[in-house]
Amino acid sequence: MICPRCNREMEAGFVQSGNRMIWTKNKHRFSLLTNHHKGEKQLLPILYWVLPALDAFYCQACDMLIIPKASQYSLE
Ligand SMILES: [Zn+2]
């Protein structure tokens, strides 16, 4: 994937977290439970004994991280 900011080749890799990860337009203060009616999306769930991963692309040159919309978390 080509970086949309600097047009250099991005590195393929993964985003992982040991905790829930969400996408939201408004910061949550106490809980990361998502509200689908507000368009919020859980990117990574909390799972025990496994660490889920999302396919992602990272640009070392300008620190751009892209997680494609079609990326679904995997457990491998
Ligand atoms: Zn870049």
# chains A, B, ... in the order shown; residues from 1 in each chain; ligands from 1
>>> residues_around(residues="His36 (chain A)", least_positions_apart="6", cutoff="12 Å", atoms="only C-alpha atoms", output="list in words")
Ile22, Trp23, Thr24, Lys25 and Gln42 of chain A
>>> write_last_selection(atoms="C-alpha atoms", output="PDB file, in the first residue's frame")
ATOM      1  CA  ILE A  22     -12.738   1.064  19.384  1.00  0.00           C
ATOM      2  CA  TRP A  23     -13.244   3.713  16.742  1.00  0.00           C
ATOM      3  CA  THR A  24     -15.360   6.698  17.787  1.00  0.00           C
ATOM      4  CA  LYS A  25     -15.837  10.332  16.826  1.00  0.00           C
ATOM      5  CA  GLN A  42     -15.245  -2.128  18.090  1.00  0.00           C
TER       6      GLN A  42
END
>>> select_by_dssp(residues="chain A", states="strand (DSSP E or B)", output="ChimeraX atom specification")
/A:2,9,11-16,21-23,41-44,53-59,64-66,74
>>> residues_near_ligand(ligand="ligand 1", cutoff="12 Å", atoms="only C-alpha atoms and all ligand atoms", output="list of chain:residue names")
A:Met1, A:Ile2, A:Cys3, A:Pro4, A:Arg5, A:Cys6, A:Asn7, A:Arg8, A:Glu9, A:Met10, A:Glu11, A:Phe57, A:Tyr58, A:Cys59, A:Gln60, A:Ala61, A:Cys62, A:Asp63, A:Met64, A:Leu65, A:Ile66
>>> write_last_selection(atoms="N, CA and C atoms", output="PDB file, in the first residue's frame")
ATOM      1  N   MET A   1       0.848  -1.182   0.000  1.00  0.00           N
ATOM      2  CA  MET A   1       0.000   0.000   0.000  1.00  0.00           C
ATOM      3  C   MET A   1       0.889   1.240   0.000  1.00  0.00           C
ATOM      4  N   ILE A   2       0.493   2.236  -0.758  1.00  0.00           N
ATOM      5  CA  ILE A   2       1.234   3.489  -0.835  1.00  0.00           C
ATOM      6  C   ILE A   2       0.659   4.476   0.184  1.00  0.00           C
ATOM      7  N   CYS A   3       1.553   5.124   0.911  1.00  0.00           N
ATOM      8  CA  CYS A   3       1.127   6.094   1.921  1.00  0.00           C
ATOM      9  C   CYS A   3       0.440   7.292   1.243  1.00  0.00           C
ATOM     10  N   PRO A   4      -0.771   7.637   1.673  1.00  0.00           N
ATOM     11  CA  PRO A   4      -1.477   8.758   1.060  1.00  0.00           C
ATOM     12  C   PRO A   4      -0.873  10.114   1.418  1.00  0.00           C
ATOM     13  N   ARG A   5      -0.007  10.165   2.417  1.00  0.00           N
ATOM     14  CA  ARG A   5       0.595  11.436   2.832  1.00  0.00           C
ATOM     15  C   ARG A   5       1.904  11.716   2.095  1.00  0.00           C
ATOM     16  N   CYS A   6       2.786  10.689   1.980  1.00  0.00           N
ATOM     17  CA  CYS A   6       4.117  10.937   1.409  1.00  0.00           C
ATOM     18  C   CYS A   6       4.406  10.100   0.156  1.00  0.00           C
ATOM     19  N   ASN A   7       3.476   9.265  -0.220  1.00  0.00           N
ATOM     20  CA  ASN A   7       3.587   8.430  -1.427  1.00  0.00           C
ATOM     21  C   ASN A   7       4.712   7.398  -1.371  1.00  0.00           C
ATOM     22  N   ARG A   8       5.168   7.015  -0.190  1.00  0.00           N
ATOM     23  CA  ARG A   8       6.160   5.952  -0.058  1.00  0.00           C
ATOM     24  C   ARG A   8       5.433   4.639   0.244  1.00  0.00           C
ATOM     25  N   GLU A   9       6.164   3.530   0.021  1.00  0.00           N
ATOM     26  CA  GLU A   9       5.584   2.220   0.295  1.00  0.00           C
ATOM     27  C   GLU A   9       5.418   2.030   1.805  1.00  0.00           C
ATOM     28  N   MET A  10       4.263   1.537   2.220  1.00  0.00           N
ATOM     29  CA  MET A  10       4.001   1.301   3.632  1.00  0.00           C
ATOM     30  C   MET A  10       4.348  -0.134   3.993  1.00  0.00           C
ATOM     31  N   GLU A  11       4.664  -0.384   5.254  1.00  0.00           N
ATOM     32  CA  GLU A  11       4.954  -1.731   5.731  1.00  0.00           C
ATOM     33  C   GLU A  11       3.654  -2.410   6.132  1.00  0.00           C
ATOM     34  N   PHE A  57      -1.287  -1.160   7.910  1.00  0.00           N
ATOM     35  CA  PHE A  57      -0.123  -0.678   7.154  1.00  0.00           C
ATOM     36  C   PHE A  57       0.427   0.546   7.872  1.00  0.00           C
ATOM     37  N   TYR A  58       1.766   0.582   7.973  1.00  0.00           N
ATOM     38  CA  TYR A  58       2.412   1.666   8.706  1.00  0.00           C
ATOM     39  C   TYR A  58       3.491   2.314   7.848  1.00  0.00           C
ATOM     40  N   CYS A  59       3.541   3.633   7.852  1.00  0.00           N
ATOM     41  CA  CYS A  59       4.568   4.379   7.140  1.00  0.00           C
ATOM     42  C   CYS A  59       5.589   4.898   8.152  1.00  0.00           C
ATOM     43  N   GLN A  60       6.826   4.390   8.049  1.00  0.00           N
ATOM     44  CA  GLN A  60       7.891   4.834   8.951  1.00  0.00           C
ATOM     45  C   GLN A  60       8.249   6.292   8.709  1.00  0.00           C
ATOM     46  N   ALA A  61       8.109   6.760   7.461  1.00  0.00           N
ATOM     47  CA  ALA A  61       8.551   8.114   7.116  1.00  0.00           C
ATOM     48  C   ALA A  61       7.694   9.195   7.771  1.00  0.00           C
ATOM     49  N   CYS A  62       6.398   9.012   7.809  1.00  0.00           N
ATOM     50  CA  CYS A  62       5.538  10.071   8.348  1.00  0.00           C
ATOM     51  C   CYS A  62       4.600   9.598   9.444  1.00  0.00           C
ATOM     52  N   ASP A  63       4.817   8.373   9.955  1.00  0.00           N
ATOM     53  CA  ASP A  63       4.075   7.888  11.118  1.00  0.00           C
ATOM     54  C   ASP A  63       2.580   7.676  10.823  1.00  0.00           C
ATOM     55  N   MET A  64       2.258   7.405   9.589  1.00  0.00           N
ATOM     56  CA  MET A  64       0.860   7.177   9.210  1.00  0.00           C
ATOM     57  C   MET A  64       0.510   5.713   9.433  1.00  0.00           C
ATOM     58  N   LEU A  65      -0.604   5.466  10.066  1.00  0.00           N
ATOM     59  CA  LEU A  65      -1.104   4.113  10.286  1.00  0.00           C
ATOM     60  C   LEU A  65      -2.452   3.989   9.590  1.00  0.00           C
ATOM     61  N   ILE A  66      -2.607   2.938   8.790  1.00  0.00           N
ATOM     62  CA  ILE A  66      -3.874   2.702   8.108  1.00  0.00           C
ATOM     63  C   ILE A  66      -4.366   1.315   8.464  1.00  0.00           C
TER      64      ILE A  66
END
>>> atom_distance(atom1="CA of Ser17 (chain A)", atom2="CA of Trp49 (chain A)")
12.6 Å
>>> atom_distance(atom1="CA of Gly18 (chain A)", atom2="CA of Ile67 (chain A)")
17.4 Å
>>> atom_distance(atom1="CA of Pro52 (chain A)", atom2="CA of Lys27 (chain A)")
22.7 Å
